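A.B. asks: Below is the structure I would like to discuss, written out as structure tokens.
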Amino acid sequence: MKRKLFGDEGLLTPYLYLLPHAIFFSIFAFYPVFKGIWISLHKWDVLSGERTFVGFKNYLDLFFVRNVPAQYYWQALWNTLQFVFYSVPFLVGIALILALLVSSAKKGKGLFRTTFFLPTAMTVSVVAVIWRWIFNYESGLLNYILYSLFKIKNIPWLTQQPGAWISIVIATVWWTVGWNMVYFIIGLQNIPEELYESAKIDGAGWWQAFRYITLPSLKPIALFIFVTTIIASFNLFGQPQLMTEGGPGRSTVTVMLHIYNEGFGTNLRMGSASAMAYLTALIMIIITFLQVRFFTHSE
Amino acid sequence: MDYKFRKSILNIGLYLILTLLAIIWFFPIYWMFITSLKPEHETIAWPVKWIPFPPVWENYWKILRNPIDTPVFLWFRNSFIAAFSYSILGLIVSTLAAYAFSRMKFPGRDKYFWFLVSFMTIPGIIYLIPNYLTIDSFGWVDDLKAIIFPGLASVWGIFMLRQYFLTIPYELDEAAKIDGAGRLYILFKIIIPLSKPAFLTLGFMNFLSNWNDYLWALICLSSPEKRTLPVGMLTLQGRYIHFYGTMMAGAFLTALPALILFVFLQRYYIRGITLSGFGGK
């Protein structure tokens, strides 16, 4: 018996259900991966309209640091890695502490959770503007508090290092740590209560229960949190753009900000910007891979 | 020491720490709000006024009464149209695909599913330039379509809904089939009504992520009247950079809708994270 092509049991019916998504997926997710590589093999200047095939020149320029944007790229990559290094321990550590505290509360759990989770509902431009105001040199709240409590003279947070990184890290932790906290809370909920009860019978104290039950049980969710947090920190963009404008000097210009400037901001050189994007993506994939290896190996 | 006594001391300590942290966490939002209620000279005055009394609304009027330079209502409208359309279209597109993946048998099904999921690991950074050029070739630069459609390529929603659909017993489909129900009937009368929490979650997540999107909107929308709220902030910052009362009024207007929605719907968010299978598996 021959099956029909369409209709409820038709051979093609499942594909029709997949089609709407497939259209958008192919235009905006599949095709651009290759289109991006194609662009990165060109001198693709929007201003002059020039489009010349140059092979791997953009990549070679990057590797051999043959021009100023390439030099800036490596600096930006270094800045980004610094931020990852400064921010991730706090984004994970504070999240874990908050999750443990919130989970221990018997009453008002929802209220506390909502408070810590609330800033994630805001857009980065609002977050940046608020913190820029708090860290303001002449009349910011932080300098006011430091002066009235400890008689510390005004600190130029946003225009000096390490103040600029401190400000960006604080703003970022405040903004996004709620996400990781929620993941940890869910992870904590999934630990069976019996484990703690039997540990208690065996005479284990609070620290031992934490060390030998809580932490190991949180390992899978911790891997997920580390992977997503490092990726998110790698993508740092709005905070330095709006709070420090990449300064002081170029010390808070991140890879994202540099690629944005190269491709869209002032230069509009899409070819070299694409090459930078692919190189960065490769680095991110390698870092993610290493983390997964590290976590699954140390079992 | 008495066990019960020690426990209650610990409990009080716990609530003290939690309350202190909650106050710190909420304070920047409070600070934004009260700064917006102060006349400009008072915002920079030391000692700081912690409660602005009487509150002054001039900062809000300054922004709202200037629809040419800072068209906040237009930005709000743009943000709403984009986020709402994206969230509805995203639901439709993801539901259809997730239905096929969870309820139909066809050649290449699992391969295609994992092919799609593998794309979730590609860093978004590589998409900016090629997608911008695509948008440009469609004539969508400076158009809300650029904010609505590219996100529909996302695989996340399909992944989440498929997980959820798989928990709905297949016997329900079978029973309906025996009664002569078709595929679409089963989808609309059985699967969708039983998946309400998942739909709320996904719809809200998509809405909020689109509403708050900054970088992509910054690239695609240039003229002031086409902007969404997050990018509109940039206009405000350019214009009122040294007027913190006005800036904070703008920031508060931008943040308020999302904050209200979030307070009411965040439990669906959390349920969504649990549903997606990332919670502890």
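Numbering starts fresh at 1 for the residues of each chain in the structure tokens, the chains themselves are lettered A, B, ... in the order given, and ligands are numbered from 1 as they appear.
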When the cut-off is 7 Å and we count only C-alpha atoms, which residues of chain B are near chain A, given as a PDB file with N, CA and C atoms, in the first residue's frame?

C.D. replies:
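As a result, part-v3.pdb now contains:
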```pdb
ATOM      1  N   LEU B  18      20.463  37.376  55.974  1.00  0.00           N
ATOM      2  CA  LEU B  18      19.634  37.418  54.770  1.00  0.00           C
ATOM      3  C   LEU B  18      19.002  38.792  54.574  1.00  0.00           C
ATOM      4  N   ALA B  22      19.606  41.286  51.553  1.00  0.00           N
ATOM      5  CA  ALA B  22      18.464  41.673  50.722  1.00  0.00           C
ATOM      6  C   ALA B  22      18.379  43.193  50.616  1.00  0.00           C
ATOM      7  N   TRP B  25      21.020  44.306  48.251  1.00  0.00           N
ATOM      8  CA  TRP B  25      20.670  43.962  46.882  1.00  0.00           C
ATOM      9  C   TRP B  25      19.603  44.892  46.303  1.00  0.00           C
ATOM     10  N   PHE B  26      18.686  45.254  47.171  1.00  0.00           N
ATOM     11  CA  PHE B  26      17.593  46.088  46.668  1.00  0.00           C
ATOM     12  C   PHE B  26      18.005  47.548  46.584  1.00  0.00           C
ATOM     13  N   PRO B  28      20.410  49.499  45.205  1.00  0.00           N
ATOM     14  CA  PRO B  28      20.634  50.232  43.948  1.00  0.00           C
ATOM     15  C   PRO B  28      19.335  50.613  43.232  1.00  0.00           C
ATOM     16  N   MET B  32      18.198  54.408  42.568  1.00  0.00           N
ATOM     17  CA  MET B  32      17.794  54.905  41.254  1.00  0.00           C
ATOM     18  C   MET B  32      16.471  55.661  41.378  1.00  0.00           C
ATOM     19  N   ILE B  44      23.207  65.876  43.806  1.00  0.00           N
ATOM     20  CA  ILE B  44      24.638  65.857  44.074  1.00  0.00           C
ATOM     21  C   ILE B  44      24.984  66.480  45.421  1.00  0.00           C
ATOM     22  N   VAL B  93       6.335  28.663  16.513  1.00  0.00           N
ATOM     23  CA  VAL B  93       7.376  27.951  15.773  1.00  0.00           C
ATOM     24  C   VAL B  93       7.940  26.783  16.594  1.00  0.00           C
ATOM     25  N   SER B  94       8.202  27.053  17.886  1.00  0.00           N
ATOM     26  CA  SER B  94       8.796  26.001  18.726  1.00  0.00           C
ATOM     27  C   SER B  94       7.803  24.877  19.002  1.00  0.00           C
ATOM     28  N   LEU B  96       5.297  23.781  17.108  1.00  0.00           N
ATOM     29  CA  LEU B  96       5.134  22.905  15.948  1.00  0.00           C
ATOM     30  C   LEU B  96       6.312  21.936  15.845  1.00  0.00           C
ATOM     31  N   ALA B  97       7.528  22.479  15.982  1.00  0.00           N
ATOM     32  CA  ALA B  97       8.707  21.618  15.849  1.00  0.00           C
ATOM     33  C   ALA B  97       8.787  20.616  16.993  1.00  0.00           C
ATOM     34  N   ALA B 100       6.454  17.721  16.497  1.00  0.00           N
ATOM     35  CA  ALA B 100       6.965  16.736  15.555  1.00  0.00           C
ATOM     36  C   ALA B 100       8.040  15.872  16.216  1.00  0.00           C
ATOM     37  N   MET B 104       6.011  12.299  16.580  1.00  0.00           N
ATOM     38  CA  MET B 104       5.949  11.695  15.255  1.00  0.00           C
ATOM     39  C   MET B 104       7.202  10.889  14.992  1.00  0.00           C
ATOM     40  N   PHE B 106       9.721   9.751  12.051  1.00  0.00           N
ATOM     41  CA  PHE B 106      10.094   9.999  10.644  1.00  0.00           C
ATOM     42  C   PHE B 106      11.602   9.842  10.497  1.00  0.00           C
ATOM     43  N   PRO B 123      29.259  29.857  19.910  1.00  0.00           N
ATOM     44  CA  PRO B 123      29.253  31.173  20.552  1.00  0.00           C
ATOM     45  C   PRO B 123      28.546  32.221  19.692  1.00  0.00           C
ATOM     46  N   ILE B 125      28.890  35.217  19.317  1.00  0.00           N
ATOM     47  CA  ILE B 125      29.720  36.295  18.801  1.00  0.00           C
ATOM     48  C   ILE B 125      29.878  36.229  17.275  1.00  0.00           C
ATOM     49  N   ILE B 126      29.866  35.018  16.709  1.00  0.00           N
ATOM     50  CA  ILE B 126      30.104  34.918  15.269  1.00  0.00           C
ATOM     51  C   ILE B 126      28.874  35.331  14.450  1.00  0.00           C
ATOM     52  N   TYR B 127      27.731  35.457  15.113  1.00  0.00           N
ATOM     53  CA  TYR B 127      26.519  35.758  14.353  1.00  0.00           C
ATOM     54  C   TYR B 127      26.323  37.246  14.056  1.00  0.00           C
ATOM     55  N   ILE B 129      27.986  39.779  12.720  1.00  0.00           N
ATOM     56  CA  ILE B 129      28.285  40.383  11.419  1.00  0.00           C
ATOM     57  C   ILE B 129      27.479  39.753  10.277  1.00  0.00           C
ATOM     58  N   PRO B 130      27.522  38.419  10.105  1.00  0.00           N
ATOM     59  CA  PRO B 130      26.733  37.868   8.990  1.00  0.00           C
ATOM     60  C   PRO B 130      25.237  38.153   9.121  1.00  0.00           C
ATOM     61  N   ASN B 131      24.689  38.079  10.334  1.00  0.00           N
ATOM     62  CA  ASN B 131      23.257  38.352  10.477  1.00  0.00           C
ATOM     63  C   ASN B 131      22.937  39.818  10.223  1.00  0.00           C
ATOM     64  N   PRO B 150      15.204  37.247  13.697  1.00  0.00           N
ATOM     65  CA  PRO B 150      16.392  36.380  13.831  1.00  0.00           C
ATOM     66  C   PRO B 150      16.347  35.450  15.040  1.00  0.00           C
ATOM     67  N   LEU B 152      14.011  33.788  16.148  1.00  0.00           N
ATOM     68  CA  LEU B 152      13.167  32.609  15.934  1.00  0.00           C
ATOM     69  C   LEU B 152      13.988  31.396  15.512  1.00  0.00           C
ATOM     70  N   ALA B 153      15.259  31.616  15.187  1.00  0.00           N
ATOM     71  CA  ALA B 153      16.138  30.493  14.854  1.00  0.00           C
ATOM     72  C   ALA B 153      16.538  29.707  16.096  1.00  0.00           C
ATOM     73  N   GLY B 182      -7.504  14.135  14.745  1.00  0.00           N
ATOM     74  CA  GLY B 182      -6.336  14.332  13.884  1.00  0.00           C
ATOM     75  C   GLY B 182      -5.181  14.917  14.672  1.00  0.00           C
ATOM     76  N   ARG B 183      -4.035  15.049  13.977  1.00  0.00           N
ATOM     77  CA  ARG B 183      -2.818  15.570  14.607  1.00  0.00           C
ATOM     78  C   ARG B 183      -3.032  16.948  15.239  1.00  0.00           C
ATOM     79  N   ASN B 212      14.913  43.043  26.955  1.00  0.00           N
ATOM     80  CA  ASN B 212      16.154  43.547  27.524  1.00  0.00           C
ATOM     81  C   ASN B 212      17.329  43.531  26.561  1.00  0.00           C
ATOM     82  N   ASP B 213      17.119  43.002  25.354  1.00  0.00           N
ATOM     83  CA  ASP B 213      18.232  42.848  24.433  1.00  0.00           C
ATOM     84  C   ASP B 213      18.871  44.195  24.104  1.00  0.00           C
ATOM     85  N   TYR B 214      20.179  44.243  24.238  1.00  0.00           N
ATOM     86  CA  TYR B 214      20.870  45.520  24.046  1.00  0.00           C
ATOM     87  C   TYR B 214      21.765  45.521  22.809  1.00  0.00           C
ATOM     88  N   PRO B 230      16.026  49.680  25.797  1.00  0.00           N
ATOM     89  CA  PRO B 230      17.430  49.557  26.218  1.00  0.00           C
ATOM     90  C   PRO B 230      18.372  50.472  25.420  1.00  0.00           C
ATOM     91  N   MET B 233      17.996  54.276  26.231  1.00  0.00           N
ATOM     92  CA  MET B 233      18.811  54.722  27.364  1.00  0.00           C
ATOM     93  C   MET B 233      20.073  55.439  26.893  1.00  0.00           C
ATOM     94  N   ALA B 251      16.031  55.732  33.508  1.00  0.00           N
ATOM     95  CA  ALA B 251      16.379  54.349  33.837  1.00  0.00           C
ATOM     96  C   ALA B 251      15.202  53.660  34.523  1.00  0.00           C
ATOM     97  N   ALA B 255      13.198  50.391  33.311  1.00  0.00           N
ATOM     98  CA  ALA B 255      13.265  49.140  34.074  1.00  0.00           C
ATOM     99  C   ALA B 255      11.912  48.703  34.609  1.00  0.00           C
ATOM    100  N   ALA B 258       9.598  45.716  33.122  1.00  0.00           N
ATOM    101  CA  ALA B 258      10.210  44.397  33.271  1.00  0.00           C
ATOM    102  C   ALA B 258      10.228  43.964  34.733  1.00  0.00           C
ATOM    103  N   LEU B 259      10.482  44.916  35.629  1.00  0.00           N
ATOM    104  CA  LEU B 259      10.531  44.568  37.053  1.00  0.00           C
ATOM    105  C   LEU B 259       9.168  44.077  37.539  1.00  0.00           C
ATOM    106  N   PHE B 262       8.401  40.717  36.169  1.00  0.00           N
ATOM    107  CA  PHE B 262       9.281  39.729  36.765  1.00  0.00           C
ATOM    108  C   PHE B 262       8.805  39.303  38.144  1.00  0.00           C
ATOM    109  N   GLY B 279      18.369  21.497  35.803  1.00  0.00           N
ATOM    110  CA  GLY B 279      18.394  21.525  37.253  1.00  0.00           C
ATOM    111  C   GLY B 279      18.839  20.194  37.834  1.00  0.00           C
ATOM    112  N   GLY B 280      20.117  20.002  37.972  1.00  0.00           N
ATOM    113  CA  GLY B 280      20.613  18.893  38.743  1.00  0.00           C
ATOM    114  C   GLY B 280      20.701  17.553  38.036  1.00  0.00           C
ATOM    115  N   LYS B 281      20.459  17.523  36.733  1.00  0.00           N
ATOM    116  CA  LYS B 281      20.574  16.238  36.050  1.00  0.00           C
ATOM    117  C   LYS B 281      21.922  16.080  35.380  1.00  0.00           C
TER     118      LYS B 281
END
```

A.B. asks: Mind checking which residues fall within 10 Å of Tyr164 in chain B, counting only C-alpha atoms, ignoring those fewer than 2 positions away in the same chain, and posting them as a PyMOL selection string?

C.D. replies: chain B and resi 98+102+158-162+166-168+191+194-195+197-199+272+275-277

A.B. asks: Output the selection as a short mmCIF file (atom, residue, chain, number, x, y, z; two decimals), in the first residue's frame - C-alpha atoms for each residue.

C.D. replies:
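Saved the output as again.cif:
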```cif
data_model
loop_
_atom_site.label_atom_id
_atom_site.label_comp_id
_atom_site.auth_asym_id
_atom_site.auth_seq_id
_atom_site.Cartn_x
_atom_site.Cartn_y
_atom_site.Cartn_z
CA ALA B 98 8.63 20.20 19.37
CA SER B 102 8.08 14.34 20.48
CA ILE B 158 12.09 23.47 20.96
CA PHE B 159 14.39 21.72 23.39
CA MET B 160 12.39 22.82 26.40
CA LEU B 161 8.95 22.09 24.95
CA ARG B 162 10.04 18.69 23.63
CA LEU B 166 7.55 13.85 26.38
CA THR B 167 6.21 13.82 29.94
CA ILE B 168 2.62 13.83 28.65
CA ILE B 191 -0.89 18.75 24.30
CA LEU B 194 -1.61 20.20 29.40
CA SER B 195 1.52 22.25 28.75
CA PRO B 197 3.14 26.03 32.58
CA ALA B 198 5.74 25.33 29.90
CA PHE B 199 4.11 27.83 27.54
CA GLY B 272 11.32 26.70 33.33
CA LEU B 275 11.77 21.82 33.24
CA SER B 276 14.61 22.27 30.83
CA GLY B 277 16.42 19.49 32.65
#
```

A.B. asks: Considering only alpha helix (DSSP H) as DSSP defines it on the backbone, what residues of range 1-51 of chain A qualify? List them as a list of chain:residue names.

C.D. replies: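 Restricting range 1-51 of chain A to alpha helix (DSSP H) produces A:Thr13, A:Pro14, A:Tyr15, A:Leu16, A:Tyr17, A:Leu18, A:Leu19, A:Pro20, A:His21, A:Ala22, A:Ile23, A:Phe24, A:Phe25, A:Tyr31, A:Pro32, A:Val33, A:Phe34, A:Lys35, A:Gly36, A:Ile37, A:Trp38, A:Ile39, A:Ser40.
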
A.B. asks: Go ahead and dump the residues you just picked, C-alpha atoms, as a JSON list (two decimals), in the first residue's frame.

C.D. replies:
```
[["chain", "number", "residue", "atom", "x", "y", "z"],
["A", 13, "THR", "CA", 3.70, 15.81, 7.40],
["A", 14, "PRO", "CA", 6.36, 15.79, 10.17],
["A", 15, "TYR", "CA", 8.62, 17.90, 7.98],
["A", 16, "LEU", "CA", 5.84, 20.44, 7.51],
["A", 17, "TYR", "CA", 5.72, 20.91, 11.27],
["A", 18, "LEU", "CA", 9.46, 21.45, 11.32],
["A", 19, "LEU", "CA", 9.43, 23.81, 8.36],
["A", 20, "PRO", "CA", 8.66, 27.18, 10.02],
["A", 21, "HIS", "CA", 11.54, 26.83, 12.43],
["A", 22, "ALA", "CA", 13.78, 25.39, 9.74],
["A", 23, "ILE", "CA", 13.29, 28.51, 7.62],
["A", 24, "PHE", "CA", 14.46, 30.86, 10.36],
["A", 25, "PHE", "CA", 17.11, 28.44, 11.50],
["A", 31, "TYR", "CA", 23.85, 30.00, 6.82],
["A", 32, "PRO", "CA", 25.57, 32.76, 8.87],
["A", 33, "VAL", "CA", 28.16, 30.30, 10.23],
["A", 34, "PHE", "CA", 29.48, 29.84, 6.70],
["A", 35, "LYS", "CA", 28.73, 33.34, 5.55],
["A", 36, "GLY", "CA", 30.82, 34.59, 8.49],
["A", 37, "ILE", "CA", 33.81, 32.51, 7.43],
["A", 38, "TRP", "CA", 33.37, 33.78, 3.87],
["A", 39, "ILE", "CA", 33.35, 37.39, 5.11],
["A", 40, "SER", "CA", 36.44, 36.78, 7.22]]
```

A.B. asks: Among range 10-72 of chain A, which residues carry a DSSP assignment of strand (DSSP E), reported as a PyMOL selection string?

C.D. replies: chain A and resi 42-44+51-53

A.B. asks: Create the file for the chosen residues now, containing C-alpha atoms and written as a compact mmCIF listing (two decimals), in the first residue's frame.

C.D. replies:
```txt
# COMPACT_ATOMS: atom_id res chain seq x y z
CA HIS A 42 37.66 39.23 2.53
CA LYS A 43 38.70 42.79 2.92
CA TRP A 44 35.09 43.84 3.55
CA ARG A 51 35.09 43.64 -1.11
CA THR A 52 38.25 41.84 -2.14
CA PHE A 53 39.02 38.21 -1.51
```

A.B. asks: Rounded to one decimal in Å, what is the spacing between CA of Phe84 in chain B and CA of Pro71 in chain B?

C.D. replies: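 Value for the CA of Phe84 in chain B-CA of Pro71 in chain B distance: 19.8 Å.
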
A.B. asks: May I ask which of the residues B:Gly203, B:Gly238, B:Gly139, B:Gly250 is the closest one to Tyr268 in chain B, counting only C-alpha atoms?

C.D. replies: B:Gly203

A.B. asks: Within 9 Å of range 165-167 of chain A, counting only C-alpha atoms, which residues show up once you throw out same-chain ones fewer than 6 positions away? Write them as a PyMOL selection string, please.

C.D. replies: chain A and resi 83+86+131-132+135+157-158+240+243+251-252

A.B. asks: Output the selection as a PDB file, in the first residue's frame - C-alpha atoms for each residue.

C.D. replies:
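For reference, result_5.pdb as written:
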```
ATOM      1  CA  PHE A  83      37.572  39.918  33.691  1.00  0.00           C
ATOM      2  CA  TYR A  86      38.057  38.368  38.430  1.00  0.00           C
ATOM      3  CA  TRP A 131      26.250  51.828  38.857  1.00  0.00           C
ATOM      4  CA  ARG A 132      27.893  54.612  36.947  1.00  0.00           C
ATOM      5  CA  PHE A 135      30.552  54.989  41.418  1.00  0.00           C
ATOM      6  CA  TRP A 157      36.437  54.447  40.552  1.00  0.00           C
ATOM      7  CA  LEU A 158      35.672  54.463  36.861  1.00  0.00           C
ATOM      8  CA  PRO A 240      32.438  48.605  29.964  1.00  0.00           C
ATOM      9  CA  MET A 243      30.342  52.585  32.485  1.00  0.00           C
ATOM     10  CA  SER A 251      42.132  48.636  29.876  1.00  0.00           C
ATOM     11  CA  THR A 252      38.449  47.633  29.871  1.00  0.00           C
TER      12      THR A 252
END
```

A.B. asks: May I have the residues within 10 Å of Lys145 in chain B as a list in words, using only C-alpha atoms and disregarding those fewer than 2 positions away in the same chain?

C.D. replies: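 Once the nearby chain positions are removed, what remains is Ile81, Ala82, Ser85, Tyr86, Ile135, Phe138, Gly139, Trp140, Val141, Asp142, Asp143, Ile147, Ile148, Phe149, Pro150 and Cys220 of chain B.
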
A.B. asks: Save out the residues we just selected, N, CA and C atoms, as a tab-separated table (two decimals), in the first residue's frame.

C.D. replies:
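Below is the file that was written, again10.tsv:
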```
chain	number	residue	atom	x	y	z
B	81	ILE	N	6.05	45.92	21.05
B	81	ILE	CA	5.71	45.23	19.80
B	81	ILE	C	6.73	44.14	19.51
B	82	ALA	N	8.02	44.47	19.64
B	82	ALA	CA	9.06	43.50	19.32
B	82	ALA	C	8.99	42.31	20.27
B	85	SER	N	5.64	40.23	19.81
B	85	SER	CA	5.60	39.44	18.57
B	85	SER	C	6.60	38.30	18.64
B	86	TYR	N	7.79	38.61	19.15
B	86	TYR	CA	8.80	37.56	19.21
B	86	TYR	C	8.34	36.43	20.11
B	135	ILE	N	20.25	41.01	7.47
B	135	ILE	CA	19.21	41.99	7.80
B	135	ILE	C	19.28	43.18	6.84
B	138	PHE	N	17.89	42.41	3.50
B	138	PHE	CA	16.42	42.37	3.54
B	138	PHE	C	15.82	43.78	3.65
B	139	GLY	N	16.66	44.77	3.87
B	139	GLY	CA	16.17	46.13	4.10
B	139	GLY	C	15.56	46.30	5.49
B	140	TRP	N	16.03	45.50	6.45
B	140	TRP	CA	15.44	45.53	7.79
B	140	TRP	C	16.25	46.35	8.79
B	141	VAL	N	17.32	46.99	8.33
B	141	VAL	CA	18.07	47.83	9.27
B	141	VAL	C	17.17	48.99	9.68
B	142	ASP	N	17.20	49.30	10.99
B	142	ASP	CA	16.35	50.35	11.52
B	142	ASP	C	14.87	49.98	11.45
B	143	ASP	N	14.61	48.69	11.54
B	143	ASP	CA	13.23	48.20	11.45
B	143	ASP	C	13.04	47.16	12.55
B	147	ILE	N	14.56	42.92	15.02
B	147	ILE	CA	14.58	42.52	16.43
B	147	ILE	C	13.69	41.30	16.65
B	148	ILE	N	12.70	41.12	15.77
B	148	ILE	CA	11.73	40.05	15.97
B	148	ILE	C	12.20	38.72	15.37
B	149	PHE	N	12.61	38.73	14.10
B	149	PHE	CA	12.75	37.46	13.39
B	149	PHE	C	14.02	36.65	13.63
B	150	PRO	N	15.20	37.25	13.70
B	150	PRO	CA	16.39	36.38	13.83
B	150	PRO	C	16.35	35.45	15.04
B	220	CYS	N	21.28	47.19	15.15
B	220	CYS	CA	20.27	47.23	14.09
B	220	CYS	C	19.45	48.52	14.06
```
